[in-house]
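J.: Let me give you the structure first, and then I'll get to my questions.
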2 protein chains.
Amino acid sequence: MKNPFPGARVRGSSSGRPIMALLDLLGRRMALRIIWELRGDPLNFRDLVDAAGTNPSVLNTRLSELREAGIIELSEDGYGLTAEGRTLLADMMPLNAWADAWAKRLRKP
Amino acid sequence: MKNPFPGARVRGSSSGRPIMALLDLLGRRMALRIIWELRGDPLNFRDLVDAAGTNPSVLNTRLSELREAGIIELSEDGYGLTAEGRTLLADMMPLNAWADAWAKRLRKP
DNA sequence: TCTTCATGCTATGAAATCCGTAGCAATGTG
DNA sequence: CACATTGCTACGGATTTCATAGCATGAAGA
């Protein structure tokens with residue numbers, strides 16, 4: 001299937017609503033993780049493979065989608081978040097705190 | 001593979017850090033979407049299949065993971081978010097605004 | 001110039017996952 | 001006893017992911 005793109009059909013939705021395209025894009029394997037791993041300094045391709053614990057083919061597929069979406073870019077320093085990507089990451093940061101509270105809950109139910 | 005669980009190995013991470021388990025869980029097909037579709041009233045199984053634009057087998061797999069994680073529960077009214085699930089959804093809501101701004105950017109670059 | 005290295009990325013085949021459809025079991029209603 | 005509604009499972013083909021090997025390019029040494 002084509003890359004998720006606001007205004008286009010995506011898996012599970014033909015409405016073209018931007019949130020549906022975003023949920024499809026972020027719902028693919030390693031997409032959230034890749035963005036997460038780029039929260040600090042840019043990483044080169046191989047370091048990103050290691051950091052995300054994935055393999056070149058999946059990473060490259062996700063990178064092309066995330067680059068086309070304007071979330072990630074390749075600079076001289078390696079792969080990093082664009083300005084837009086950083087605002088998306090900022091929106092994801094609460095998930096970290098949520099996950100910690102979740103772990104605490106599940107340890108003593 | 002076993003369901004993502006804080007403290008356990010998940011795809012792409014053996015650290016057991018809660019955020020990794022969460023990113024694995026949410027990075028599976030339709031997981032984010034299912035949570036999103038339950039932002040309002042509970043839905044029964046079939047309505048949730050339609051709302052998420054998926055099929056019973058994938059939905060059931062995701063539901064069992066999300067129920068085990070304590071994010072979704074089945075009540076007399078149907079499938080709905082738990083209290084914890086609602087806080088997770090609240091953390092996801094900014095994505096909607098982000099997606100709208102994203103769509104606007106991509107329309108006129 | 002001839003290695004050697006680091007880089008982004010592609011190729012390949014097997015394994016896992018997803019998808020769509022059909023249908024089952026339990027429960028309730030006429 | 002039909003009949004509808006519900007949650008869910010079975011199945012087979014399509015797609016995606018996984019792990020590993022390797023290619024192409026450019027820079028840096030020898």
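Lettering and numbering for the structure tokens are positional, with chains as A, B, ... in the shown order, residues counted from 1 in each chain, and ligands counted from 1 in the shown order.
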Determine which residues of chain C sit within 8 Å of chain B, taking into account only C-alpha atoms (C1' of nucleotides), and present them as a ChimeraX atom specification.
T.: /C:18-20
J.: Chain D residues within 10 Å of chain A, counting only C-alpha atoms (C1' of nucleotides): which ones, as number ranges by chain?
T.: D: 15-20
J.: Just write the chosen residues, all heavy atoms, as a compact mmCIF listing (two decimals), in the first residue's frame.
T.:
# COMPACT_ATOMS: atom_id res chain seq x y z
P DT D 15 -1.14 -8.58 -1.71
OP1 DT D 15 -1.88 -7.39 -2.17
OP2 DT D 15 -0.18 -9.28 -2.59
O5' DT D 15 -0.36 -8.17 -0.38
C5' DT D 15 -1.10 -7.72 0.72
C4' DT D 15 -0.22 -7.68 1.95
O4' DT D 15 0.23 -9.01 2.29
C3' DT D 15 1.06 -6.84 1.81
O3' DT D 15 0.91 -5.80 2.75
C2' DT D 15 2.19 -7.81 2.17
C1' DT D 15 1.45 -8.88 2.97
N1 DT D 15 2.03 -10.25 3.00
C2 DT D 15 2.46 -10.75 4.21
O2 DT D 15 2.42 -10.12 5.25
N3 DT D 15 2.94 -12.02 4.16
C4 DT D 15 3.03 -12.83 3.05
O4 DT D 15 3.47 -13.96 3.13
C5 DT D 15 2.56 -12.24 1.82
C7 DT D 15 2.59 -13.04 0.56
C6 DT D 15 2.09 -10.99 1.85
P DT D 16 2.03 -4.62 2.84
OP1 DT D 16 1.35 -3.40 3.29
OP2 DT D 16 2.88 -4.62 1.63
O5' DT D 16 2.90 -5.16 4.05
C5' DT D 16 2.24 -5.46 5.27
C4' DT D 16 3.25 -6.03 6.24
O4' DT D 16 3.61 -7.36 5.85
C3' DT D 16 4.56 -5.23 6.34
O3' DT D 16 4.67 -4.82 7.69
C2' DT D 16 5.64 -6.23 5.91
C1' DT D 16 4.96 -7.57 6.16
N1 DT D 16 5.38 -8.71 5.28
C2 DT D 16 5.84 -9.87 5.85
O2 DT D 16 5.95 -10.03 7.06
N3 DT D 16 6.16 -10.86 4.95
C4 DT D 16 6.07 -10.80 3.57
O4 DT D 16 6.38 -11.75 2.87
C5 DT D 16 5.59 -9.55 3.05
C7 DT D 16 5.46 -9.39 1.56
C6 DT D 16 5.28 -8.59 3.91
P DT D 17 5.96 -4.02 8.22
OP1 DT D 17 5.50 -3.20 9.34
OP2 DT D 17 6.69 -3.41 7.10
O5' DT D 17 6.83 -5.22 8.80
C5' DT D 17 6.20 -6.13 9.71
C4' DT D 17 7.15 -7.24 10.10
O4' DT D 17 7.38 -8.12 8.97
C3' DT D 17 8.55 -6.79 10.57
O3' DT D 17 8.79 -7.45 11.81
C2' DT D 17 9.46 -7.25 9.45
C1' DT D 17 8.74 -8.49 8.96
N1 DT D 17 9.02 -8.91 7.56
C2 DT D 17 9.46 -10.19 7.31
O2 DT D 17 9.67 -11.00 8.20
N3 DT D 17 9.64 -10.48 5.98
C4 DT D 17 9.42 -9.64 4.90
O4 DT D 17 9.61 -10.02 3.75
C5 DT D 17 8.96 -8.33 5.23
C7 DT D 17 8.68 -7.33 4.15
C6 DT D 17 8.79 -8.02 6.52
P DC D 18 10.03 -7.07 12.73
OP1 DC D 18 9.64 -7.31 14.13
OP2 DC D 18 10.52 -5.75 12.29
O5' DC D 18 11.13 -8.16 12.36
C5' DC D 18 10.86 -9.53 12.69
C4' DC D 18 11.92 -10.40 12.08
O4' DC D 18 11.80 -10.38 10.64
C3' DC D 18 13.36 -9.99 12.38
O3' DC D 18 13.90 -10.98 13.25
C2' DC D 18 14.06 -9.95 11.02
C1' DC D 18 13.06 -10.63 10.08
N1 DC D 18 12.99 -10.10 8.70
C2 DC D 18 13.33 -10.94 7.63
O2 DC D 18 13.70 -12.08 7.87
N3 DC D 18 13.22 -10.44 6.37
C4 DC D 18 12.80 -9.20 6.16
N4 DC D 18 12.70 -8.77 4.90
C5 DC D 18 12.46 -8.33 7.25
C6 DC D 18 12.57 -8.82 8.49
P DA D 19 15.25 -10.71 14.08
OP1 DA D 19 15.19 -11.53 15.29
OP2 DA D 19 15.44 -9.24 14.17
O5' DA D 19 16.37 -11.30 13.12
C5' DA D 19 16.29 -12.65 12.71
C4' DA D 19 17.33 -12.94 11.65
O4' DA D 19 16.91 -12.41 10.39
C3' DA D 19 18.72 -12.34 11.94
O3' DA D 19 19.66 -13.40 11.92
C2' DA D 19 18.92 -11.33 10.81
C1' DA D 19 18.01 -11.84 9.72
N9 DA D 19 17.46 -10.81 8.84
C8 DA D 19 16.97 -9.58 9.21
N7 DA D 19 16.50 -8.86 8.23
C5 DA D 19 16.69 -9.67 7.12
C6 DA D 19 16.40 -9.49 5.75
N6 DA D 19 15.83 -8.39 5.27
N1 DA D 19 16.71 -10.50 4.91
C2 DA D 19 17.27 -11.60 5.41
N3 DA D 19 17.59 -11.90 6.67
C4 DA D 19 17.28 -10.87 7.48
P DT D 20 21.20 -13.10 12.30
OP1 DT D 20 21.67 -14.26 13.07
OP2 DT D 20 21.35 -11.73 12.84
O5' DT D 20 21.89 -13.13 10.86
C5' DT D 20 21.46 -14.11 9.91
C4' DT D 20 21.95 -13.72 8.53
O4' DT D 20 21.08 -12.75 7.95
C3' DT D 20 23.35 -13.10 8.50
O3' DT D 20 24.22 -14.01 7.85
C2' DT D 20 23.18 -11.78 7.75
C1' DT D 20 21.84 -11.97 7.06
N1 DT D 20 21.09 -10.71 6.83
C2 DT D 20 20.62 -10.43 5.57
O2 DT D 20 20.79 -11.16 4.63
N3 DT D 20 19.94 -9.24 5.46
C4 DT D 20 19.69 -8.32 6.47
O4 DT D 20 19.08 -7.31 6.25
C5 DT D 20 20.21 -8.68 7.76
C7 DT D 20 20.00 -7.77 8.93
C6 DT D 20 20.88 -9.84 7.89
J.: Using only C-alpha atoms, what does the table of chain B residues within 7 Å of chain A look like, with each row giving the shortest atom pair and its distance in Å to one decimal, sorted by chain and ascending number, as a tab-separated table?
T.:
residue	atom	partner	partner_atom	distance
B:Pro6	CA	A:Ala103	CA	5.4
B:Gly12	CA	A:Gly53	CA	4.1
B:Ser13	CA	A:Gly53	CA	6.2
B:Pro18	CA	A:Ala99	CA	5.2
B:Ile19	CA	A:Ala99	CA	5.2
B:Leu22	CA	A:Ala99	CA	6.3
B:Leu23	CA	A:Arg33	CA	6.2
B:Leu26	CA	A:Gly27	CA	6.8
B:Gly27	CA	A:Gly27	CA	4.6
B:Arg28	CA	A:Gly27	CA	5.8
B:Arg29	CA	A:Gly27	CA	5.7
B:Met30	CA	A:Gly27	CA	6.7
B:Leu32	CA	A:Leu23	CA	6.3
B:Arg33	CA	A:Leu23	CA	6.2
B:Ala52	CA	A:Gly12	CA	5.9
B:Gly53	CA	A:Gly12	CA	4.0
B:Thr54	CA	A:Gly12	CA	5.9
B:Leu88	CA	A:Trp98	CA	6.9
B:Asp91	CA	A:Pro94	CA	6.1
B:Pro94	CA	A:Asp91	CA	6.1
B:Leu95	CA	A:Asp91	CA	6.7
B:Asn96	CA	A:Ile19	CA	5.4
B:Trp98	CA	A:Leu88	CA	6.9
B:Ala99	CA	A:Pro18	CA	5.2
B:Asp100	CA	A:Pro18	CA	5.8
B:Ala103	CA	A:Pro6	CA	5.4
J.: Going by DSSP on the backbone, which residues of range 57-91 of chain B come out as strand (DSSP E or B)? List them as number ranges by chain.
T.: B: 72-75, 78-81
J.: Report as a VMD selection string all protein, DNA and RNA residues lying within 10 Å of DG7 in chain D, evaluated on only C-alpha atoms (C1' of nucleotides), omitting residues in the same chain fewer than 6 positions from it.
T.: (chain B and resid 44 to 46 56 60) or (chain C and resid 25 to 26)
J.: Would you output that residue set with all heavy atoms, as an mmCIF file, in the first residue's frame?
T.:
data_model
loop_
_atom_site.group_PDB
_atom_site.id
_atom_site.type_symbol
_atom_site.label_atom_id
_atom_site.label_comp_id
_atom_site.auth_asym_id
_atom_site.auth_seq_id
_atom_site.Cartn_x
_atom_site.Cartn_y
_atom_site.Cartn_z
ATOM 1 N N ASN B 44 -19.545 -2.547 20.849
ATOM 2 C CA ASN B 44 -19.476 -4.002 20.888
ATOM 3 C C ASN B 44 -18.495 -4.489 19.826
ATOM 4 O O ASN B 44 -17.996 -3.713 19.015
ATOM 5 C CB ASN B 44 -20.853 -4.651 20.744
ATOM 6 C CG ASN B 44 -21.446 -4.484 19.362
ATOM 7 O OD1 ASN B 44 -20.739 -4.430 18.365
ATOM 8 N ND2 ASN B 44 -22.756 -4.396 19.303
ATOM 9 N N PHE B 45 -18.210 -5.771 19.891
ATOM 10 C CA PHE B 45 -17.165 -6.349 19.044
ATOM 11 C C PHE B 45 -17.346 -6.012 17.567
ATOM 12 O O PHE B 45 -16.429 -5.534 16.903
ATOM 13 C CB PHE B 45 -17.150 -7.860 19.248
ATOM 14 C CG PHE B 45 -15.970 -8.572 18.641
ATOM 15 C CD1 PHE B 45 -14.788 -8.722 19.357
ATOM 16 C CD2 PHE B 45 -16.039 -9.079 17.358
ATOM 17 C CE1 PHE B 45 -13.692 -9.392 18.802
ATOM 18 C CE2 PHE B 45 -14.950 -9.741 16.791
ATOM 19 C CZ PHE B 45 -13.777 -9.900 17.515
ATOM 20 N N ARG B 46 -18.546 -6.244 17.065
ATOM 21 C CA ARG B 46 -18.767 -6.033 15.634
ATOM 22 C C ARG B 46 -18.710 -4.564 15.243
ATOM 23 O O ARG B 46 -18.212 -4.207 14.177
ATOM 24 C CB ARG B 46 -20.096 -6.662 15.224
ATOM 25 C CG ARG B 46 -19.989 -8.163 15.089
ATOM 26 C CD ARG B 46 -21.288 -8.849 15.381
ATOM 27 N NE ARG B 46 -21.043 -10.261 15.623
ATOM 28 C CZ ARG B 46 -21.354 -11.224 14.753
ATOM 29 N NH1 ARG B 46 -21.916 -10.926 13.617
ATOM 30 N NH2 ARG B 46 -21.093 -12.480 15.029
ATOM 31 N N PRO B 56 -12.250 -9.492 12.386
ATOM 32 C CA PRO B 56 -12.361 -10.079 13.729
ATOM 33 C C PRO B 56 -11.060 -10.675 14.251
ATOM 34 O O PRO B 56 -10.785 -10.570 15.443
ATOM 35 C CB PRO B 56 -13.398 -11.181 13.545
ATOM 36 C CG PRO B 56 -14.183 -10.795 12.365
ATOM 37 C CD PRO B 56 -13.237 -10.059 11.470
ATOM 38 N N ASN B 60 -9.469 -9.255 17.564
ATOM 39 C CA ASN B 60 -9.445 -10.088 18.756
ATOM 40 C C ASN B 60 -8.038 -10.213 19.331
ATOM 41 O O ASN B 60 -7.848 -10.195 20.546
ATOM 42 C CB ASN B 60 -9.993 -11.471 18.433
ATOM 43 C CG ASN B 60 -10.249 -12.266 19.685
ATOM 44 O OD1 ASN B 60 -10.793 -11.735 20.644
ATOM 45 N ND2 ASN B 60 -9.828 -13.514 19.678
ATOM 46 P P DA C 25 -20.301 -25.422 17.659
ATOM 47 O OP1 DA C 25 -19.467 -26.551 18.090
ATOM 48 O OP2 DA C 25 -21.642 -25.648 17.068
ATOM 49 O "O5'" DA C 25 -20.485 -24.434 18.901
ATOM 50 C "C5'" DA C 25 -19.326 -23.930 19.555
ATOM 51 C "C4'" DA C 25 -19.740 -22.965 20.651
ATOM 52 O "O4'" DA C 25 -20.097 -21.682 20.069
ATOM 53 C "C3'" DA C 25 -20.950 -23.424 21.458
ATOM 54 O "O3'" DA C 25 -20.712 -23.108 22.827
ATOM 55 C "C2'" DA C 25 -22.103 -22.617 20.878
ATOM 56 C "C1'" DA C 25 -21.414 -21.317 20.476
ATOM 57 N N9 DA C 25 -22.017 -20.615 19.341
ATOM 58 C C8 DA C 25 -22.493 -21.151 18.178
ATOM 59 N N7 DA C 25 -22.965 -20.266 17.332
ATOM 60 C C5 DA C 25 -22.785 -19.060 17.992
ATOM 61 C C6 DA C 25 -23.080 -17.737 17.629
ATOM 62 N N6 DA C 25 -23.639 -17.380 16.477
ATOM 63 N N1 DA C 25 -22.774 -16.763 18.518
ATOM 64 C C2 DA C 25 -22.207 -17.109 19.682
ATOM 65 N N3 DA C 25 -21.880 -18.319 20.133
ATOM 66 C C4 DA C 25 -22.199 -19.258 19.233
ATOM 67 P P DA C 26 -21.782 -23.584 23.946
ATOM 68 O OP1 DA C 26 -20.997 -24.129 25.076
ATOM 69 O OP2 DA C 26 -22.860 -24.379 23.315
ATOM 70 O "O5'" DA C 26 -22.394 -22.182 24.409
ATOM 71 C "C5'" DA C 26 -21.512 -21.150 24.806
ATOM 72 C "C4'" DA C 26 -22.309 -19.883 25.026
ATOM 73 O "O4'" DA C 26 -22.706 -19.326 23.752
ATOM 74 C "C3'" DA C 26 -23.601 -20.081 25.829
ATOM 75 O "O3'" DA C 26 -23.683 -19.071 26.813
ATOM 76 C "C2'" DA C 26 -24.706 -19.962 24.788
ATOM 77 C "C1'" DA C 26 -24.079 -18.988 23.799
ATOM 78 N N9 DA C 26 -24.604 -19.083 22.441
ATOM 79 C C8 DA C 26 -24.767 -20.216 21.690
ATOM 80 N N7 DA C 26 -25.253 -19.998 20.493
ATOM 81 C C5 DA C 26 -25.420 -18.618 20.460
ATOM 82 C C6 DA C 26 -25.906 -17.752 19.471
ATOM 83 N N6 DA C 26 -26.319 -18.162 18.271
ATOM 84 N N1 DA C 26 -25.943 -16.434 19.762
ATOM 85 C C2 DA C 26 -25.521 -16.027 20.962
ATOM 86 N N3 DA C 26 -25.039 -16.741 21.977
ATOM 87 C C4 DA C 26 -25.019 -18.047 21.653
#
J.: Would you please work out which residue, of D:DA27, D:DA14, D:DA2, D:DA21, is nearest to DT10 in chain C when using only C-alpha atoms (C1' of nucleotides)?
T.: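 Looking only at the distances to DT10 in chain C, the closest residue turns out to be D:DA21.
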J.: Would you mind listing what lies within 12 Å of DG30 in chain C as a PyMOL selection string, with only C-alpha atoms (C1' of nucleotides) counted and same-chain residues fewer than 3 positions away left out?
T.: chain D and resi 1-4
J.: Residues as selected, all heavy atoms, written as a PDB file, in the first residue's frame, can you do that?
T.:
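Okay, this is what ended up in out29.pdb:
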ATOM      1  P    DC D   1     -36.614 -27.533  19.123  1.00  0.00           P
ATOM      2  OP1  DC D   1     -36.065 -28.798  19.364  1.00  0.00           O
ATOM      3  OP2  DC D   1     -36.012 -26.234  19.282  1.00  0.00           O
ATOM      4  O5'  DC D   1     -37.504 -27.610  17.792  1.00  0.00           O
ATOM      5  C5'  DC D   1     -38.921 -27.330  17.993  1.00  0.00           C
ATOM      6  C4'  DC D   1     -39.275 -26.090  17.199  1.00  0.00           C
ATOM      7  O4'  DC D   1     -39.586 -24.998  18.096  1.00  0.00           O
ATOM      8  C3'  DC D   1     -38.156 -25.557  16.289  1.00  0.00           C
ATOM      9  O3'  DC D   1     -38.748 -25.180  15.057  1.00  0.00           O
ATOM     10  C2'  DC D   1     -37.632 -24.322  17.012  1.00  0.00           C
ATOM     11  C1'  DC D   1     -38.861 -23.839  17.755  1.00  0.00           C
ATOM     12  N1   DC D   1     -38.563 -23.092  19.017  1.00  0.00           N
ATOM     13  C2   DC D   1     -38.805 -21.719  19.083  1.00  0.00           C
ATOM     14  O2   DC D   1     -39.254 -21.135  18.075  1.00  0.00           O
ATOM     15  N3   DC D   1     -38.550 -21.048  20.221  1.00  0.00           N
ATOM     16  C4   DC D   1     -38.064 -21.699  21.297  1.00  0.00           C
ATOM     17  N4   DC D   1     -37.828 -20.997  22.404  1.00  0.00           N
ATOM     18  C5   DC D   1     -37.827 -23.102  21.260  1.00  0.00           C
ATOM     19  C6   DC D   1     -38.079 -23.738  20.112  1.00  0.00           C
ATOM     20  P    DA D   2     -37.844 -25.136  13.697  1.00  0.00           P
ATOM     21  OP1  DA D   2     -38.752 -24.781  12.588  1.00  0.00           O
ATOM     22  OP2  DA D   2     -36.974 -26.329  13.618  1.00  0.00           O
ATOM     23  O5'  DA D   2     -36.898 -23.892  13.944  1.00  0.00           O
ATOM     24  C5'  DA D   2     -36.563 -23.074  12.865  1.00  0.00           C
ATOM     25  C4'  DA D   2     -37.376 -21.798  12.878  1.00  0.00           C
ATOM     26  O4'  DA D   2     -37.736 -21.482  14.234  1.00  0.00           O
ATOM     27  C3'  DA D   2     -36.620 -20.589  12.330  1.00  0.00           C
ATOM     28  O3'  DA D   2     -37.485 -19.746  11.594  1.00  0.00           O
ATOM     29  C2'  DA D   2     -36.105 -19.914  13.591  1.00  0.00           C
ATOM     30  C1'  DA D   2     -37.167 -20.240  14.629  1.00  0.00           C
ATOM     31  N9   DA D   2     -36.597 -20.410  15.970  1.00  0.00           N
ATOM     32  C8   DA D   2     -35.995 -21.541  16.469  1.00  0.00           C
ATOM     33  N7   DA D   2     -35.598 -21.408  17.719  1.00  0.00           N
ATOM     34  C5   DA D   2     -35.950 -20.116  18.043  1.00  0.00           C
ATOM     35  C6   DA D   2     -35.813 -19.361  19.226  1.00  0.00           C
ATOM     36  N6   DA D   2     -35.234 -19.847  20.340  1.00  0.00           N
ATOM     37  N1   DA D   2     -36.265 -18.094  19.228  1.00  0.00           N
ATOM     38  C2   DA D   2     -36.833 -17.619  18.104  1.00  0.00           C
ATOM     39  N3   DA D   2     -37.041 -18.223  16.941  1.00  0.00           N
ATOM     40  C4   DA D   2     -36.570 -19.487  16.977  1.00  0.00           C
ATOM     41  P    DC D   3     -36.799 -18.801  10.413  1.00  0.00           P
ATOM     42  OP1  DC D   3     -37.896 -18.214   9.605  1.00  0.00           O
ATOM     43  OP2  DC D   3     -35.719 -19.571   9.762  1.00  0.00           O
ATOM     44  O5'  DC D   3     -36.142 -17.619  11.262  1.00  0.00           O
ATOM     45  C5'  DC D   3     -36.963 -16.792  12.073  1.00  0.00           C
ATOM     46  C4'  DC D   3     -36.085 -15.924  12.946  1.00  0.00           C
ATOM     47  O4'  DC D   3     -35.741 -16.620  14.162  1.00  0.00           O
ATOM     48  C3'  DC D   3     -34.760 -15.532  12.293  1.00  0.00           C
ATOM     49  O3'  DC D   3     -34.795 -14.149  12.007  1.00  0.00           O
ATOM     50  C2'  DC D   3     -33.691 -15.912  13.325  1.00  0.00           C
ATOM     51  C1'  DC D   3     -34.506 -16.107  14.593  1.00  0.00           C
ATOM     52  N1   DC D   3     -33.931 -17.082  15.555  1.00  0.00           N
ATOM     53  C2   DC D   3     -33.715 -16.708  16.876  1.00  0.00           C
ATOM     54  O2   DC D   3     -34.002 -15.552  17.228  1.00  0.00           O
ATOM     55  N3   DC D   3     -33.189 -17.594  17.753  1.00  0.00           N
ATOM     56  C4   DC D   3     -32.880 -18.827  17.347  1.00  0.00           C
ATOM     57  N4   DC D   3     -32.382 -19.671  18.240  1.00  0.00           N
ATOM     58  C5   DC D   3     -33.094 -19.237  15.999  1.00  0.00           C
ATOM     59  C6   DC D   3     -33.615 -18.345  15.142  1.00  0.00           C
ATOM     60  P    DA D   4     -33.518 -13.454  11.286  1.00  0.00           P
ATOM     61  OP1  DA D   4     -34.029 -12.462  10.299  1.00  0.00           O
ATOM     62  OP2  DA D   4     -32.527 -14.465  10.877  1.00  0.00           O
ATOM     63  O5'  DA D   4     -32.929 -12.630  12.513  1.00  0.00           O
ATOM     64  C5'  DA D   4     -33.820 -11.918  13.368  1.00  0.00           C
ATOM     65  C4'  DA D   4     -33.062 -11.385  14.575  1.00  0.00           C
ATOM     66  O4'  DA D   4     -32.778 -12.460  15.492  1.00  0.00           O
ATOM     67  C3'  DA D   4     -31.720 -10.732  14.216  1.00  0.00           C
ATOM     68  O3'  DA D   4     -31.619  -9.505  14.904  1.00  0.00           O
ATOM     69  C2'  DA D   4     -30.684 -11.739  14.698  1.00  0.00           C
ATOM     70  C1'  DA D   4     -31.408 -12.427  15.847  1.00  0.00           C
ATOM     71  N9   DA D   4     -30.991 -13.811  16.074  1.00  0.00           N
ATOM     72  C8   DA D   4     -30.954 -14.818  15.162  1.00  0.00           C
ATOM     73  N7   DA D   4     -30.556 -15.968  15.657  1.00  0.00           N
ATOM     74  C5   DA D   4     -30.301 -15.693  16.990  1.00  0.00           C
ATOM     75  C6   DA D   4     -29.851 -16.472  18.049  1.00  0.00           C
ATOM     76  N6   DA D   4     -29.564 -17.761  17.936  1.00  0.00           N
ATOM     77  N1   DA D   4     -29.710 -15.882  19.250  1.00  0.00           N
ATOM     78  C2   DA D   4     -30.001 -14.582  19.374  1.00  0.00           C
ATOM     79  N3   DA D   4     -30.432 -13.735  18.443  1.00  0.00           N
ATOM     80  C4   DA D   4     -30.570 -14.366  17.265  1.00  0.00           C
TER      81       DA D   4
END
J.: From the list A:Leu43, A:Ala83, A:Leu74, A:Leu59, which residue is nearest DC9 in chain C when using only C-alpha atoms (C1' of nucleotides)?
T.: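 Checking each candidate against DC9 in chain C, we get A:Leu59 as the closest.
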J.: Find the distance between CA of Leu63 in chain B and C1' of DC24 in chain C and write it in Å to one decimal.
T.: 19.9 Å
J.: Go ahead and compute the interatomic distance for CA of Glu73 in chain B and CA of Gly16 in chain B, in Å to one decimal.
T.: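 Answer for the CA of Glu73 in chain B to CA of Gly16 in chain B separation: 24.6 Å.
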J.: Rank C:DT27, C:DT1, C:DT21, C:DT7 by their smallest atom-to-atom distance to DT5 in chain D, using only C-alpha atoms (C1' of nucleotides), and report the top residue only.
T.: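 When distances to DT5 in chain D are compared using only C-alpha atoms (C1' of nucleotides), the smallest one comes from C:DT27.
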J.: Using DSSP secondary structure from the backbone, list all alpha helix (DSSP H) positions within chain B, as a ChimeraX atom specification.
T.: /B:18-26,31-37,45-52,56-68,83-92,94-107
J.: Just to confirm, what's the straight-line distance from C1' of DC5 in chain C to C1' of DG22 in chain D in Å (one decimal)?
T.: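 Computing the Euclidean distance for C1' of DC5 in chain C and C1' of DG22 in chain D yields 15.5 Å.
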J.: List the spatial neighbours of DA6 in chain C as a list in words - criterion: any atom at most 10 Å away, only C-alpha atoms (C1' of nucleotides), same-chain residues fewer than 2 positions off excluded.
T.: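 After dropping sequence-adjacent residues, the list is DT4 and DG8 of chain C; DG26 and DA27 of chain D.
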J.: Could those residues be written to a file, using N, CA, C and O atoms (P, O5', C5', C4', C3', O3' and C1' of nucleotides), as an mmCIF file, in the first residue's frame?
T.:
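part.cif written:
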data_model
loop_
_atom_site.group_PDB
_atom_site.id
_atom_site.type_symbol
_atom_site.label_atom_id
_atom_site.label_comp_id
_atom_site.auth_asym_id
_atom_site.auth_seq_id
_atom_site.Cartn_x
_atom_site.Cartn_y
_atom_site.Cartn_z
ATOM 1 P P DT C 4 43.605 -4.671 2.684
ATOM 2 O "O5'" DT C 4 42.773 -3.614 3.537
ATOM 3 C "C5'" DT C 4 43.451 -2.535 4.157
ATOM 4 C "C4'" DT C 4 42.447 -1.520 4.681
ATOM 5 C "C3'" DT C 4 41.164 -2.149 5.255
ATOM 6 O "O3'" DT C 4 41.077 -1.814 6.622
ATOM 7 C "C1'" DT C 4 40.689 -0.261 3.891
ATOM 8 P P DG C 8 24.678 6.697 7.338
ATOM 9 O "O5'" DG C 8 23.986 6.361 5.927
ATOM 10 C "C5'" DG C 8 23.971 7.335 4.891
ATOM 11 C "C4'" DG C 8 23.436 6.703 3.636
ATOM 12 C "C3'" DG C 8 22.013 6.151 3.779
ATOM 13 O "O3'" DG C 8 21.214 6.563 2.679
ATOM 14 C "C1'" DG C 8 23.487 4.455 3.011
ATOM 15 P P DG D 26 30.670 9.154 -5.213
ATOM 16 O "O5'" DG D 26 31.400 9.629 -3.874
ATOM 17 C "C5'" DG D 26 30.657 9.815 -2.684
ATOM 18 C "C4'" DG D 26 31.587 9.781 -1.495
ATOM 19 C "C3'" DG D 26 32.941 10.491 -1.731
ATOM 20 O "O3'" DG D 26 33.274 11.240 -0.579
ATOM 21 C "C1'" DG D 26 33.315 8.303 -1.006
ATOM 22 P P DA D 27 34.390 12.375 -0.667
ATOM 23 O "O5'" DA D 27 35.191 12.183 0.696
ATOM 24 C "C5'" DA D 27 34.488 11.762 1.853
ATOM 25 C "C4'" DA D 27 35.438 11.048 2.798
ATOM 26 C "C3'" DA D 27 36.842 11.666 2.867
ATOM 27 O "O3'" DA D 27 37.270 11.672 4.220
ATOM 28 C "C1'" DA D 27 37.003 9.393 2.302
#
